[in-house]
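Notes follow once the structure below has been shown.
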Amino acid sequence: MMSRQGETMKLLAIGMAAVGFAATCLSPQWAAAAGKYDGSAPLICAAMAVTECEADGRCQRRNADRVNFPSLFKVDVTAMKLRNLEAEKGRESSIRNLDRANGKMILSGAEGERGWTVLINEASGKMSAAAAGDGEGFVIFGQCALP
């Protein structure tokens, strides 16, 4: 059984958490940021799941860095660039095409011998990407956020 002091501390903690949550949700910055994954501001995206497939149909889960895909990258639609945030020299790839469909922002380009497409849900920031090369393909899932 909890003591009276323990119950008071628990209620105080719950109250403080509720006030903190309300302050965060009602602040102008939070309201302005909600659903703004449309490229009007740069986004930071994280690749969280990567699957590599070979031409013979064999697929394996991989880490992004093992397949030469950045696990953390910046999407700058204004500059039409994807920038690897982990590379020492800030490797960039040009966004060659930008399209929108049903609340999704679709970016595409090419780097080296691979073509790529990144789809970002403009409401949630969820990211799906695909890259293809000669005899190989990659499917990447992750999340984008406002910096």
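Residue numbering restarts at 1 for every chain of the structure tokens, chains are lettered A, B, ... in their displayed order, and ligands are numbered from 1 as they appear.
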
Which of segment 59-95 of chain A fall in helix (DSSP H, G or I), as an MDAnalysis selection string: chainID A and resid 64:67

Nearby residues (only C-alpha atoms) at most 8 Å from Gly103 of chain A, same-chain spacing under 5 positions excluded, as a PyMOL selection string: chain A and resi 121-123

Surrounding residues of Leu107 of chain A excluding itself and chain neighbours under 2 positions, 9 Å, only C-alpha atoms, as a list of chain:residue names: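 That gives A:Val77, A:Ile95, A:Arg96, A:Asn97, A:Leu98, A:Asp99, A:Arg100, A:Met105, A:Gly109, A:Trp116, A:Thr117, A:Val118, A:Leu119, A:Ile120.
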
For N, CA and C atoms, I'd like the residues from the last selection saved as a PDB file, in the first residue's frame.
ATOM      1  N   VAL A  77      14.787  20.659 -50.105  1.00  0.00           N
ATOM      2  CA  VAL A  77      14.045  20.788 -51.357  1.00  0.00           C
ATOM      3  C   VAL A  77      14.361  22.113 -52.047  1.00  0.00           C
ATOM      4  N   ILE A  95      18.683  16.314 -56.199  1.00  0.00           N
ATOM      5  CA  ILE A  95      17.305  15.882 -56.434  1.00  0.00           C
ATOM      6  C   ILE A  95      16.978  16.315 -57.853  1.00  0.00           C
ATOM      7  N   ARG A  96      16.770  15.367 -58.738  1.00  0.00           N
ATOM      8  CA  ARG A  96      16.521  15.687 -60.147  1.00  0.00           C
ATOM      9  C   ARG A  96      15.045  15.891 -60.446  1.00  0.00           C
ATOM     10  N   ASN A  97      14.185  15.302 -59.604  1.00  0.00           N
ATOM     11  CA  ASN A  97      12.757  15.429 -59.843  1.00  0.00           C
ATOM     12  C   ASN A  97      12.023  15.493 -58.509  1.00  0.00           C
ATOM     13  N   LEU A  98      11.021  16.352 -58.442  1.00  0.00           N
ATOM     14  CA  LEU A  98      10.159  16.493 -57.268  1.00  0.00           C
ATOM     15  C   LEU A  98       8.723  16.404 -57.743  1.00  0.00           C
ATOM     16  N   ASP A  99       7.962  15.536 -57.115  1.00  0.00           N
ATOM     17  CA  ASP A  99       6.558  15.379 -57.479  1.00  0.00           C
ATOM     18  C   ASP A  99       5.759  15.252 -56.185  1.00  0.00           C
ATOM     19  N   ARG A 100       4.471  15.486 -56.270  1.00  0.00           N
ATOM     20  CA  ARG A 100       3.577  15.351 -55.119  1.00  0.00           C
ATOM     21  C   ARG A 100       2.338  14.590 -55.563  1.00  0.00           C
ATOM     22  N   MET A 105       5.361  13.556 -50.798  1.00  0.00           N
ATOM     23  CA  MET A 105       6.381  14.249 -51.572  1.00  0.00           C
ATOM     24  C   MET A 105       7.318  13.166 -52.106  1.00  0.00           C
ATOM     25  N   GLY A 109      16.441  10.821 -58.026  1.00  0.00           N
ATOM     26  CA  GLY A 109      17.728  11.238 -58.561  1.00  0.00           C
ATOM     27  C   GLY A 109      18.591  10.032 -58.855  1.00  0.00           C
ATOM     28  N   TRP A 116      17.595   6.426 -57.467  1.00  0.00           N
ATOM     29  CA  TRP A 116      16.903   6.361 -56.185  1.00  0.00           C
ATOM     30  C   TRP A 116      15.620   7.188 -56.212  1.00  0.00           C
ATOM     31  N   THR A 117      14.705   6.809 -55.330  1.00  0.00           N
ATOM     32  CA  THR A 117      13.453   7.534 -55.105  1.00  0.00           C
ATOM     33  C   THR A 117      13.199   7.554 -53.605  1.00  0.00           C
ATOM     34  N   VAL A 118      12.834   8.720 -53.089  1.00  0.00           N
ATOM     35  CA  VAL A 118      12.480   8.873 -51.677  1.00  0.00           C
ATOM     36  C   VAL A 118      11.066   9.431 -51.617  1.00  0.00           C
ATOM     37  N   LEU A 119      10.183   8.785 -50.866  1.00  0.00           N
ATOM     38  CA  LEU A 119       8.812   9.232 -50.669  1.00  0.00           C
ATOM     39  C   LEU A 119       8.658   9.629 -49.203  1.00  0.00           C
ATOM     40  N   ILE A 120       8.173  10.837 -48.958  1.00  0.00           N
ATOM     41  CA  ILE A 120       7.966  11.322 -47.593  1.00  0.00           C
ATOM     42  C   ILE A 120       6.502  11.693 -47.418  1.00  0.00           C
TER      43      ILE A 120
END

Those of segment 79-125 of chain A in DSSP strand (DSSP E), formatted as a list in words: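 Selection result, strand (DSSP E) within segment 79-125 of chain A: Lys81, Leu82, Arg83, Asn84, Glu92, Ser93, Ser94, Asn97, Leu98, Asp99, Arg100, Ala101, Lys104, Met105, Ile106, Leu107, Ser108, Gly109, Ala110, Glu111, Arg114, Gly115, Trp116, Thr117, Val118, Leu119, Ile120 and Asn121 of chain A.
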
Using only C-alpha atoms: which of A:Glu52, A:Arg91, A:Ala47, A:Cys59 has the shortest distance to Ser71 of chain A: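 Nearest candidate to Ser71 of chain A out of A:Glu52, A:Arg91, A:Ala47, A:Cys59: A:Ala47.
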
Interatomic distance, atom CA of Lys126 of chain A to atom CA of Ala46 of chain A (Å, one decimal):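 Going from atom CA of Lys126 of chain A over to atom CA of Ala46 of chain A covers 9.7 Å.
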
From A:Ala101, A:Met80, A:Ile140, A:Leu85, residue lying nearest Ser128 of chain A [only C-alpha atoms]: A:Ile140
